[in-house]
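Everything on this sheet refers to the single structure shown next.
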2 protein chains.
Amino acid sequence: MTFGFQLHQGTVNGPRLGTLTTPHGAVSTPTFMPVATRGMLRGPWPDRLRPMGVEMMLANSFHLFARPGVESIEAMGGLHKMMAWDGPVLTDSGGFQAFSLASISKLNDDGWKIAHPVHGAMVDWTPKMAFEVQASLRPDVAMILDECPAEPRDRTKVAAAVKRTLRWAKMQRDMHDARGGVDSGQAQFGIVQGGVFEDLRQECARELSAMEFDGYAIGGVSVGEGHDAMMDGVRHSTSDLPKEKARYLMGVGTPLDLVESVARGIDMFDCVYPTRCGRYGTFLSDEGNQHIHNARFKNDPLPLLPGCTCDACATGVPRGALRAGLKEREMLPASLLAHHNLHYLVNLMKQMRSAIADGSFEDLRARINAVYRPPKP
Amino acid sequence: MTFGFQLHQGTVNGPRLGTLTTPHGAVSTPTFMPVATRGMLRGPWPDRLRPMGVEMMLANSFHLFARPGVESIEAMGGLHKMMAWDGPVLTDSGGFQAFSLASISKLNDDGWKIAHPVHGAMVDWTPKMAFEVQASLRPDVAMILDECPAEPRDRTKVAAAVKRTLRWAKMQRDMHDARGGVDSGQAQFGIVQGGVFEDLRQECARELSAMEFDGYAIGGVSVGEGHDAMMDGVRHSTSDLPKEKARYLMGVGTPLDLVESVARGIDMFDCVYPTRCGRYGTFLSDEGNQHIHNARFKNDPLPLLPGCTCDACATGVPRGALRAGLKEREMLPASLLAHHNLHYLVNLMKQMRSAIADGSFEDLRARINAVYRPPKP
């Protein structure tokens, strides 16, 4: 058995403790996967990830297909070698990229026509291609190509997206079976769509469950619907998923989104949030998001977050220097802030796992809510 | 005694081995100082510098004066704290910046009027300001403000620059004395100008030597005159400098410039070359400069430089991944290449010191020349 998920503690709708077993090692869940879209993180070096507590990484099959290409990655010794990361990797299918690049992509029942990110010509990106590219990239977990509807509140469009996602899911599920399922060295996750509609999400989850994927993701969230609607989407998606499989909430998140999703039974996350907001000067702290551009940091001799054990804070570079450097578009502050933020989230996941184990999760949840929940309007 | 220079081996005109003693520790010479213009390197993190072999760093007093400002740096606990570097620091005086920003600066006998890099208004930058800003920043070595002539082959202009440089040097030397000389906790280096003219460089070196600076720099080189003319400038400058003081060649260099300058009795160097050329995809190797954009690296599974012991090569990120990432303007390749190049030069200095000690310097020099000297036209 090269892939599996053991649930140690927890229920369908409550916080869960588990272990994801993969060909490249075990992952303690709930876990946060840093996003190396093109095979590399924006800031943190690969050699700092293990010591930081990262256990699994994400890359994007569509972007890697576009550059450097499957052939090139195979010549380099495969995706893990390219990423200089010997732990588990999950690749996204490009469904979200087709959505986020909607202005330069066209959807039909067979897949997407999408502008190639490197040379700009329209290329096909189909369920078969997403499957085959991922089969060649050999991540530990491959995602099915889905349709992430552009308007999660338009019932007609969302229903069509669910229908297409299910049809494509079945095609890819069959391809996975034909390759030997997890014995191919790769697990395959289905993706629940359904926008803001409870019944559509439930239907999608039920249909996917019937196909018996190796794990399940929740897609089409964190697309601007707001925290509360996102949490509804999570609840509507998980209620009909099997308890004993891993659940992965895609593209999430912030400390608040993470703790509230864990509270609702999510096991896996990914998001560019920590590295992206670091590049723009935001850093995470136990007092909430802080912005290094704030004038009060101008003369500040303290490291980014006093007491933080991350490598970035341990350098001792003062906030005042990071603020001045970021204004001058220096590389170091972006890199240090991204590193700190990633460490902060990875460490938050570790805290959540401890808290679930010792029964104090609700305390941690309350603390994160007190700091990170935006005040009611 | 807080500052000193001991020459262990070598002559005025040949390779030298020495130790620079500073309030923040000792430095083995010949040495290469990485350039943290605004208090931070472009790429390498401060915590990777000591293990890499860096012993002394350079920052720029004019840029730091402009942002974040002396008051802010003092509030952060001083320049060393700001740089998160507890070793020796040398600050440049801004003379070269006035030269390189010539289109937005104006020179008169009292100093420069120069456009402030942050808000753009014309501000004064005088010998007194350069002295006082550096006295406040408290580097281990401060440089005098000099005039770097824009046209090193225009004898009239160069002679005027030498005259002005000497007059300013005397003013700043007196200020240094009034502060207690090296007992102030800071050494002061004079800067030899004189363009391509042997007699002017010799005159400048003699006059500065008579002022008894704590060390001497050679400025106005590496401004486009070519390697051979630069080496002539070095020779013309060093011949009249005292043997027992450190000699620092400013803004150099490349492996060839470094080894040839060491061969002519230079003890200290600084240059943005390793980090800057890394950002643009050039990496140093025992086979000469290589360019990661070269198509032959597209599928290359090897690390940047196989066998290299630097942290960047040790990550194992393959050349193919670095090439693809740099094309996508990812941060990681720029950071890894900059780190590798800096390590390469710091390690080359270490090799030179060993070779001087064991009598094999000419072999090393020949090897670097064979690889790095451009073919004769």
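Letters A, B, ... go to the chains of the structure tokens in the order shown; residues in each chain start at 1; ligands are counted from 1 in the same order.
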* When DSSP works through the backbone of this structure, what residues of region 20-87 of chain A end up as helix (DSSP H, G or I), shown as a PyMOL selection string? -> chain A and resi 46-52+61-66+70-75+79-83
Okay, now the selection with C-alpha atoms, as a short mmCIF file (atom, residue, chain, number, x, y, z; two decimals), in the first residue's frame?
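Generated output (part_23.cif):
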```cif
data_model
loop_
_atom_site.label_atom_id
_atom_site.label_comp_id
_atom_site.auth_asym_id
_atom_site.auth_seq_id
_atom_site.Cartn_x
_atom_site.Cartn_y
_atom_site.Cartn_z
CA PRO A 46 13.87 24.28 -0.15
CA ASP A 47 16.46 23.53 2.56
CA ARG A 48 14.54 25.57 5.11
CA LEU A 49 11.21 23.79 4.63
CA ARG A 50 11.69 20.57 6.61
CA PRO A 51 13.14 22.38 9.65
CA MET A 52 10.16 24.75 9.44
CA SER A 61 0.45 20.83 -13.39
CA PHE A 62 -0.80 23.34 -15.95
CA HIS A 63 1.94 25.88 -15.24
CA LEU A 64 4.59 23.14 -15.22
CA PHE A 65 3.20 21.78 -18.49
CA ALA A 66 3.60 25.28 -19.96
CA VAL A 70 6.85 17.50 -18.91
CA GLU A 71 9.77 16.32 -21.03
CA SER A 72 12.13 18.77 -19.39
CA ILE A 73 10.95 17.81 -15.90
CA GLU A 74 11.40 14.14 -16.69
CA ALA A 75 14.92 14.88 -17.96
CA LEU A 79 9.04 16.79 -10.25
CA HIS A 80 10.42 16.03 -6.80
CA LYS A 81 13.98 16.46 -8.06
CA MET A 82 13.03 19.67 -9.83
CA MET A 83 11.54 21.02 -6.61
#
```
* Test item: chain B residues at most 8 Å from chain A, counting only C-alpha atoms, as JSON, numbers by chain -> {"B": [38, 39, 40, 41, 42, 43, 44, 45, 46, 47, 67, 68, 72, 73, 75, 76, 77, 81, 82, 83, 84, 298, 299, 300, 301, 302, 315, 316, 317, 318, 320, 321, 324, 325, 330, 331, 332]}
* To do: Can you list, as a PyMOL selection string, all residues belonging to region 61-120 of chain B that DSSP tags as strand (DSSP E or B)?
  => chain B and resi 89-92+105-108+111-115
Non-local contacts of Met143 (chain A) (10 Å; only C-alpha atoms; under 3 positions in same chain excluded) as an mmCIF file with C-alpha atoms, in the first residue's frame:
```cif
data_model
loop_
_atom_site.group_PDB
_atom_site.id
_atom_site.type_symbol
_atom_site.label_atom_id
_atom_site.label_comp_id
_atom_site.auth_asym_id
_atom_site.auth_seq_id
_atom_site.Cartn_x
_atom_site.Cartn_y
_atom_site.Cartn_z
ATOM 1 C CA ASN A 60 0.578 23.270 -10.522
ATOM 2 C CA SER A 61 0.446 20.825 -13.387
ATOM 3 C CA LEU A 90 0.273 17.271 -4.659
ATOM 4 C CA THR A 91 -0.334 18.789 -8.083
ATOM 5 C CA ASP A 92 -3.341 20.855 -8.925
ATOM 6 C CA SER A 93 -5.037 20.130 -12.239
ATOM 7 C CA GLY A 94 -5.199 23.579 -13.763
ATOM 8 C CA GLY A 95 -8.957 23.915 -13.295
ATOM 9 C CA ALA A 130 -4.553 16.960 -16.983
ATOM 10 C CA PHE A 131 -4.537 13.272 -16.087
ATOM 11 C CA GLN A 134 0.073 14.491 -13.773
ATOM 12 C CA PRO A 139 3.208 13.756 -7.703
ATOM 13 C CA ASP A 146 -12.798 20.233 -12.760
ATOM 14 C CA ALA A 169 -14.314 13.149 -12.835
ATOM 15 C CA GLN A 172 -10.353 10.588 -15.023
ATOM 16 C CA ALA A 187 -3.414 8.934 -5.489
ATOM 17 C CA GLN A 188 -6.241 10.840 -7.158
ATOM 18 C CA PHE A 189 -8.590 13.293 -5.482
ATOM 19 C CA GLY A 190 -12.000 14.353 -6.748
ATOM 20 C CA ILE A 191 -13.117 17.978 -6.415
ATOM 21 C CA GLY A 215 -9.446 11.629 -1.317
ATOM 22 C CA TYR A 216 -11.695 14.621 -1.845
ATOM 23 C CA ALA A 217 -11.128 18.297 -2.354
#
```
Just fit chain B onto chain A on all the Cα atoms, in order, by least squares, and give it as a compact mmCIF listing (two decimals) with C-alpha atoms, in the first residue's frame.
```txt
# COMPACT_ATOMS: atom_id res chain seq x y z
CA MET B 1 -0.01 0.02 -0.05
CA THR B 2 1.64 3.23 -1.13
CA PHE B 3 -1.14 5.63 -0.23
CA GLY B 4 -3.57 5.83 2.61
CA PHE B 5 -5.31 7.98 5.16
CA GLN B 6 -5.75 7.01 8.79
CA LEU B 7 -8.12 8.99 10.93
CA HIS B 8 -6.93 8.93 14.53
CA GLN B 9 -9.48 11.18 16.10
CA GLY B 10 -12.40 13.31 15.01
CA THR B 11 -15.72 13.21 13.22
CA VAL B 12 -17.16 14.18 9.87
CA ASN B 13 -18.10 17.63 11.03
CA GLY B 14 -15.56 18.31 13.77
CA PRO B 15 -11.80 18.74 13.96
CA ARG B 16 -9.88 15.62 12.89
CA LEU B 17 -6.41 14.21 13.45
CA GLY B 18 -5.02 11.92 10.81
CA THR B 19 -2.02 10.64 8.90
CA LEU B 20 -1.74 10.76 5.15
CA THR B 21 0.62 8.04 3.93
CA THR B 22 2.27 8.66 0.56
CA PRO B 23 5.12 7.16 -1.47
CA HIS B 24 7.26 10.08 -0.27
CA GLY B 25 6.44 9.78 3.42
CA ALA B 26 3.75 10.49 5.96
CA VAL B 27 1.96 13.76 6.64
CA SER B 28 0.24 14.70 9.89
CA THR B 29 -3.16 16.24 9.24
CA PRO B 30 -4.57 18.82 9.38
CA THR B 31 -1.73 20.13 7.22
CA PHE B 32 -0.88 23.22 5.18
CA MET B 33 0.87 22.77 1.82
CA PRO B 34 2.93 25.75 0.63
CA VAL B 35 2.32 26.61 -3.02
CA ALA B 36 5.19 26.15 -5.46
CA THR B 37 3.10 26.91 -8.55
CA ARG B 38 6.04 26.52 -10.91
CA GLY B 39 7.99 24.14 -8.69
CA MET B 40 9.49 26.77 -6.37
CA LEU B 41 8.25 28.90 -3.50
CA ARG B 42 8.44 32.68 -3.70
CA GLY B 43 10.90 33.33 -0.92
CA PRO B 44 11.68 30.28 1.19
CA TRP B 45 14.55 28.03 0.06
CA PRO B 46 13.88 24.29 -0.15
CA ASP B 47 16.45 23.53 2.55
CA ARG B 48 14.54 25.59 5.11
CA LEU B 49 11.20 23.79 4.63
CA ARG B 50 11.70 20.56 6.60
CA PRO B 51 13.13 22.39 9.65
CA MET B 52 10.15 24.76 9.44
CA GLY B 53 7.75 21.84 9.70
CA VAL B 54 6.51 21.67 6.09
CA GLU B 55 5.51 18.07 5.28
CA MET B 56 3.83 18.33 1.87
CA MET B 57 4.04 20.77 -1.03
CA LEU B 58 1.80 21.78 -3.90
CA ALA B 59 2.71 22.48 -7.50
CA ASN B 60 0.56 23.26 -10.51
CA SER B 61 0.44 20.80 -13.39
CA PHE B 62 -0.80 23.33 -15.94
CA HIS B 63 1.93 25.87 -15.23
CA LEU B 64 4.58 23.14 -15.21
CA PHE B 65 3.19 21.78 -18.48
CA ALA B 66 3.60 25.27 -19.96
CA ARG B 67 7.14 25.74 -18.61
CA PRO B 68 9.49 23.94 -18.44
CA GLY B 69 7.27 21.14 -19.82
CA VAL B 70 6.85 17.49 -18.92
CA GLU B 71 9.76 16.32 -21.05
CA SER B 72 12.11 18.77 -19.39
CA ILE B 73 10.94 17.82 -15.90
CA GLU B 74 11.39 14.13 -16.70
CA ALA B 75 14.90 14.87 -17.97
CA MET B 76 15.66 16.63 -14.67
CA GLY B 77 14.71 13.45 -12.83
CA GLY B 78 11.08 14.23 -12.12
CA LEU B 79 9.03 16.79 -10.25
CA HIS B 80 10.42 16.04 -6.79
CA LYS B 81 13.99 16.46 -8.07
CA MET B 82 13.02 19.67 -9.83
CA MET B 83 11.55 21.03 -6.60
CA ALA B 84 14.53 19.79 -4.56
CA TRP B 85 11.92 18.32 -2.22
CA ASP B 86 11.87 14.64 -1.30
CA GLY B 87 8.59 14.79 0.61
CA PRO B 88 5.04 14.37 -0.66
CA VAL B 89 3.80 16.61 -3.47
CA LEU B 90 0.26 17.28 -4.66
CA THR B 91 -0.33 18.78 -8.08
CA ASP B 92 -3.34 20.84 -8.94
CA SER B 93 -5.02 20.11 -12.23
CA GLY B 94 -5.20 23.57 -13.77
CA GLY B 95 -8.96 23.90 -13.29
CA PHE B 96 -8.51 26.93 -11.10
CA GLN B 97 -6.03 28.46 -13.58
CA ALA B 98 -8.59 28.12 -16.37
CA PHE B 99 -10.99 29.97 -14.06
CA SER B 100 -8.52 32.64 -13.00
CA LEU B 101 -7.35 33.13 -16.59
CA ALA B 102 -10.99 33.21 -17.78
CA SER B 103 -10.38 36.23 -20.01
CA ILE B 104 -7.96 34.15 -22.08
CA SER B 105 -9.63 30.75 -21.84
CA LYS B 106 -12.68 29.12 -23.42
CA LEU B 107 -14.62 26.21 -22.03
CA ASN B 108 -16.40 23.46 -23.91
CA ASP B 109 -17.60 20.00 -22.98
CA ASP B 110 -14.27 18.44 -23.88
CA GLY B 111 -12.11 20.78 -21.82
CA TRP B 112 -10.51 24.19 -22.04
CA LYS B 113 -8.93 26.17 -24.81
CA ILE B 114 -6.51 28.38 -22.97
CA ALA B 115 -3.78 30.85 -23.90
CA HIS B 116 -0.42 29.23 -23.27
CA PRO B 117 1.25 31.27 -20.51
CA VAL B 118 4.60 31.28 -22.33
CA HIS B 119 3.89 31.78 -26.03
CA GLY B 120 0.27 32.91 -25.90
CA ALA B 121 -1.18 30.56 -28.54
CA MET B 122 -4.46 28.84 -27.66
CA VAL B 123 -3.85 25.27 -26.51
CA ASP B 124 -6.12 22.47 -25.33
CA TRP B 125 -6.28 21.52 -21.67
CA THR B 126 -8.57 18.55 -21.30
CA PRO B 127 -9.34 16.04 -18.53
CA LYS B 128 -7.21 13.51 -20.42
CA MET B 129 -4.29 15.96 -20.64
CA ALA B 130 -4.56 16.96 -16.99
CA PHE B 131 -4.54 13.26 -16.09
CA GLU B 132 -1.65 12.33 -18.35
CA VAL B 133 0.50 15.33 -17.46
CA GLN B 134 0.07 14.50 -13.77
CA ALA B 135 0.73 10.81 -14.44
CA SER B 136 4.05 11.88 -15.99
CA LEU B 137 4.89 14.41 -13.28
CA ARG B 138 4.40 11.70 -10.66
CA PRO B 139 3.20 13.77 -7.69
CA ASP B 140 1.98 11.74 -4.73
CA VAL B 141 -1.50 13.13 -5.22
CA ALA B 142 -3.03 14.24 -8.52
CA MET B 143 -6.19 16.32 -8.75
CA ILE B 144 -8.92 15.78 -11.32
CA LEU B 145 -9.56 18.56 -13.81
CA ASP B 146 -12.80 20.23 -12.78
CA GLU B 147 -14.80 23.29 -13.73
CA CYS B 148 -14.64 26.06 -11.18
CA PRO B 149 -17.71 28.19 -12.03
CA ALA B 150 -16.92 31.87 -12.46
CA GLU B 151 -20.16 32.94 -10.78
CA PRO B 152 -20.79 30.81 -7.69
CA ARG B 153 -24.26 32.39 -7.22
CA ASP B 154 -25.59 31.72 -10.74
CA ARG B 155 -27.49 28.46 -10.23
CA THR B 156 -27.78 27.56 -13.90
CA LYS B 157 -24.05 27.99 -14.48
CA VAL B 158 -23.09 26.26 -11.26
CA ALA B 159 -25.35 23.29 -12.02
CA ALA B 160 -23.76 22.99 -15.47
CA ALA B 161 -20.30 23.15 -13.88
CA VAL B 162 -21.20 20.40 -11.43
CA LYS B 163 -22.50 18.23 -14.27
CA ARG B 164 -19.35 18.77 -16.32
CA THR B 165 -17.10 18.28 -13.30
CA LEU B 166 -18.81 14.95 -12.54
CA ARG B 167 -18.57 13.76 -16.14
CA TRP B 168 -14.88 14.68 -16.29
CA ALA B 169 -14.32 13.16 -12.85
CA LYS B 170 -15.67 9.80 -14.05
CA MET B 171 -13.42 9.89 -17.14
CA GLN B 172 -10.34 10.59 -15.04
CA ARG B 173 -11.36 8.08 -12.36
CA ASP B 174 -11.48 5.41 -15.07
CA MET B 175 -8.06 6.43 -16.36
CA HIS B 176 -6.71 6.18 -12.82
CA ASP B 177 -8.17 2.67 -12.46
CA ALA B 178 -6.69 1.66 -15.78
CA ARG B 179 -3.28 2.71 -14.46
CA GLY B 180 -3.73 0.59 -11.35
CA GLY B 181 -5.16 3.17 -8.92
CA VAL B 182 -2.89 4.00 -5.99
CA ASP B 183 -0.63 1.11 -6.98
CA SER B 184 0.52 3.37 -9.82
CA GLY B 185 2.32 5.30 -7.08
CA GLN B 186 -0.15 8.16 -7.24
CA ALA B 187 -3.42 8.93 -5.49
CA GLN B 188 -6.24 10.84 -7.17
CA PHE B 189 -8.59 13.28 -5.48
CA GLY B 190 -12.00 14.35 -6.76
CA ILE B 191 -13.12 17.97 -6.40
CA VAL B 192 -16.51 19.02 -5.05
CA GLN B 193 -18.03 22.01 -6.83
CA GLY B 194 -21.51 23.52 -6.39
CA GLY B 195 -20.97 27.20 -5.70
CA VAL B 196 -23.10 28.55 -2.86
CA PHE B 197 -25.84 25.93 -3.35
CA GLU B 198 -26.15 23.35 -0.60
CA ASP B 199 -28.01 20.78 -2.71
CA LEU B 200 -25.59 21.05 -5.62
CA ARG B 201 -22.57 20.63 -3.34
CA GLN B 202 -24.23 17.67 -1.63
CA GLU B 203 -25.13 16.09 -4.96
CA CYS B 204 -21.59 16.62 -6.24
CA ALA B 205 -20.08 15.16 -3.06
CA ARG B 206 -22.39 12.13 -3.21
CA GLU B 207 -21.67 11.41 -6.86
CA LEU B 208 -17.92 11.75 -6.35
CA SER B 209 -18.08 9.56 -3.25
CA ALA B 210 -19.78 6.88 -5.30
CA MET B 211 -16.78 6.94 -7.66
CA GLU B 212 -14.54 6.14 -4.69
CA PHE B 213 -11.71 8.60 -5.09
CA ASP B 214 -8.60 8.29 -2.90
CA GLY B 215 -9.44 11.61 -1.31
CA TYR B 216 -11.70 14.62 -1.86
CA ALA B 217 -11.13 18.28 -2.36
CA ILE B 218 -13.50 21.18 -2.01
CA GLY B 219 -13.09 23.62 -4.86
CA GLY B 220 -14.75 26.82 -5.96
CA VAL B 221 -14.33 28.44 -2.56
CA SER B 222 -12.25 31.47 -1.60
CA VAL B 223 -13.35 33.18 -4.82
CA GLY B 224 -14.61 36.32 -3.15
CA GLU B 225 -17.73 34.93 -1.43
CA GLY B 226 -16.57 35.93 2.06
CA HIS B 227 -15.67 33.91 5.13
CA ASP B 228 -19.17 32.89 6.25
CA ALA B 229 -20.34 31.80 2.81
CA MET B 230 -17.07 29.87 2.44
CA MET B 231 -17.73 28.04 5.69
CA ASP B 232 -21.25 27.19 4.48
CA GLY B 233 -19.68 25.79 1.31
CA VAL B 234 -17.34 23.66 3.41
CA ARG B 235 -20.20 22.31 5.49
CA HIS B 236 -22.36 21.57 2.44
CA SER B 237 -19.47 19.75 0.79
CA THR B 238 -18.24 17.64 3.68
CA SER B 239 -21.60 16.37 4.94
CA ASP B 240 -21.81 13.83 2.12
CA LEU B 241 -18.14 12.88 1.89
CA PRO B 242 -16.91 9.62 3.41
CA LYS B 243 -15.46 10.10 6.85
CA GLU B 244 -12.45 7.86 6.28
CA LYS B 245 -10.97 9.76 3.32
CA ALA B 246 -8.88 12.93 3.44
CA ARG B 247 -10.64 16.23 2.72
CA TYR B 248 -8.68 19.05 1.15
CA LEU B 249 -9.95 22.63 1.00
CA MET B 250 -8.34 24.28 -2.01
CA GLY B 251 -6.80 27.74 -1.99
CA VAL B 252 -7.33 28.44 1.73
CA GLY B 253 -6.06 30.29 3.69
CA THR B 254 -5.83 32.80 6.33
CA PRO B 255 -5.52 31.91 10.01
CA LEU B 256 -9.28 32.40 10.50
CA ASP B 257 -10.24 30.35 7.42
CA LEU B 258 -7.83 27.60 8.48
CA VAL B 259 -9.03 27.24 12.05
CA GLU B 260 -12.71 27.43 11.09
CA SER B 261 -12.25 24.87 8.33
CA VAL B 262 -10.38 22.50 10.62
CA ALA B 263 -13.30 22.94 13.03
CA ARG B 264 -15.51 21.64 10.18
CA GLY B 265 -13.48 18.53 9.45
CA ILE B 266 -10.91 19.63 6.81
CA ASP B 267 -7.56 17.82 6.71
CA MET B 268 -5.51 19.61 4.04
CA PHE B 269 -4.99 23.14 2.77
CA ASP B 270 -2.91 25.10 0.31
CA CYS B 271 -2.64 28.81 -0.34
CA VAL B 272 -0.28 31.42 -1.82
CA TYR B 273 -1.43 33.73 0.97
CA PRO B 274 1.65 33.54 3.26
CA THR B 275 4.22 34.16 0.52
CA ARG B 276 2.15 36.64 -1.48
CA CYS B 277 1.15 38.86 1.42
CA GLY B 278 4.75 38.73 2.66
CA ARG B 279 5.98 40.17 -0.62
CA TYR B 280 3.65 43.10 -0.13
CA GLY B 281 4.69 43.75 3.45
CA THR B 282 2.06 41.96 5.53
CA PHE B 283 3.22 39.69 8.32
CA LEU B 284 1.22 37.36 10.53
CA SER B 285 1.36 37.64 14.29
CA ASP B 286 -0.56 36.64 17.38
CA GLU B 287 -2.05 40.15 17.31
CA GLY B 288 -3.35 39.71 13.76
CA ASN B 289 -2.00 40.85 10.41
CA GLN B 290 0.53 43.62 10.63
CA HIS B 291 1.85 45.80 7.82
CA ILE B 292 5.55 46.58 7.74
CA HIS B 293 4.85 49.77 5.76
CA ASN B 294 3.13 51.21 8.82
CA ALA B 295 5.03 54.30 10.00
CA ARG B 296 5.24 52.98 13.55
CA PHE B 297 7.80 50.39 12.36
CA LYS B 298 10.18 53.03 10.90
CA ASN B 299 12.60 53.01 13.82
CA ASP B 300 11.65 49.63 15.26
CA PRO B 301 14.68 47.63 16.44
CA LEU B 302 12.65 44.42 17.04
CA PRO B 303 12.71 41.45 14.70
CA LEU B 304 9.56 40.82 12.68
CA LEU B 305 7.85 38.94 15.51
CA PRO B 306 9.72 38.86 18.83
CA GLY B 307 9.80 35.34 20.24
CA CYS B 308 9.12 33.74 16.86
CA THR B 309 11.42 30.77 16.25
CA CYS B 310 11.45 31.01 12.44
CA ASP B 311 14.73 31.46 10.56
CA ALA B 312 13.65 34.90 9.32
CA CYS B 313 13.00 36.30 12.79
CA ALA B 314 16.12 34.54 14.07
CA THR B 315 18.30 36.59 11.68
CA GLY B 316 17.40 39.57 13.83
CA VAL B 317 16.93 41.94 10.88
CA PRO B 318 14.89 44.70 12.52
CA ARG B 319 11.44 45.78 11.41
CA GLY B 320 12.83 49.22 10.59
CA ALA B 321 15.31 47.70 8.15
CA LEU B 322 12.66 45.47 6.58
CA ARG B 323 10.36 48.46 6.14
CA ALA B 324 13.07 50.61 4.52
CA GLY B 325 14.24 47.73 2.33
CA LEU B 326 10.78 46.84 1.08
CA LYS B 327 10.22 50.47 0.10
CA GLU B 328 13.42 50.23 -1.97
CA ARG B 329 12.18 46.98 -3.52
CA GLU B 330 15.02 45.01 -1.99
CA MET B 331 14.72 41.22 -2.27
CA LEU B 332 15.54 40.38 1.35
CA PRO B 333 12.43 41.76 3.10
CA ALA B 334 10.09 39.99 0.66
CA SER B 335 11.97 36.78 1.27
CA LEU B 336 12.06 37.14 5.07
CA LEU B 337 8.38 38.08 5.38
CA ALA B 338 7.29 35.24 3.09
CA HIS B 339 9.37 32.81 5.14
CA HIS B 340 7.98 34.08 8.43
CA ASN B 341 4.36 33.91 7.23
CA LEU B 342 4.74 30.38 5.94
CA HIS B 343 6.32 29.34 9.23
CA TYR B 344 3.49 31.03 11.09
CA LEU B 345 0.81 29.03 9.26
CA VAL B 346 2.74 25.75 9.41
CA ASN B 347 3.19 26.31 13.12
CA LEU B 348 -0.51 27.19 13.51
CA MET B 349 -1.37 23.81 11.96
CA LYS B 350 0.98 22.16 14.45
CA GLN B 351 -0.75 24.03 17.29
CA MET B 352 -4.12 22.91 15.96
CA ARG B 353 -3.01 19.27 15.88
CA SER B 354 -1.77 19.50 19.47
CA ALA B 355 -4.95 21.22 20.54
CA ILE B 356 -7.16 18.59 18.89
CA ALA B 357 -5.11 15.89 20.61
CA ASP B 358 -5.34 17.43 24.08
CA GLY B 359 -8.90 18.65 23.81
CA SER B 360 -8.12 22.37 23.77
CA PHE B 361 -9.03 23.05 20.15
CA GLU B 362 -11.97 25.29 21.03
CA ASP B 363 -9.66 27.52 23.08
CA LEU B 364 -7.27 27.91 20.15
CA ARG B 365 -10.21 28.50 17.82
CA ALA B 366 -11.56 31.22 20.09
CA ARG B 367 -8.16 32.88 20.29
CA ILE B 368 -7.74 32.95 16.49
CA ASN B 369 -11.28 34.24 16.10
CA ALA B 370 -10.71 36.99 18.64
CA VAL B 371 -7.67 38.20 16.73
CA TYR B 372 -8.47 37.49 13.11
CA ARG B 373 -12.26 37.73 12.72
CA PRO B 374 -13.15 41.05 11.13
CA PRO B 375 -15.47 43.16 13.29
CA LYS B 376 -19.15 42.95 12.31
CA PRO B 377 -20.17 45.86 10.14
```
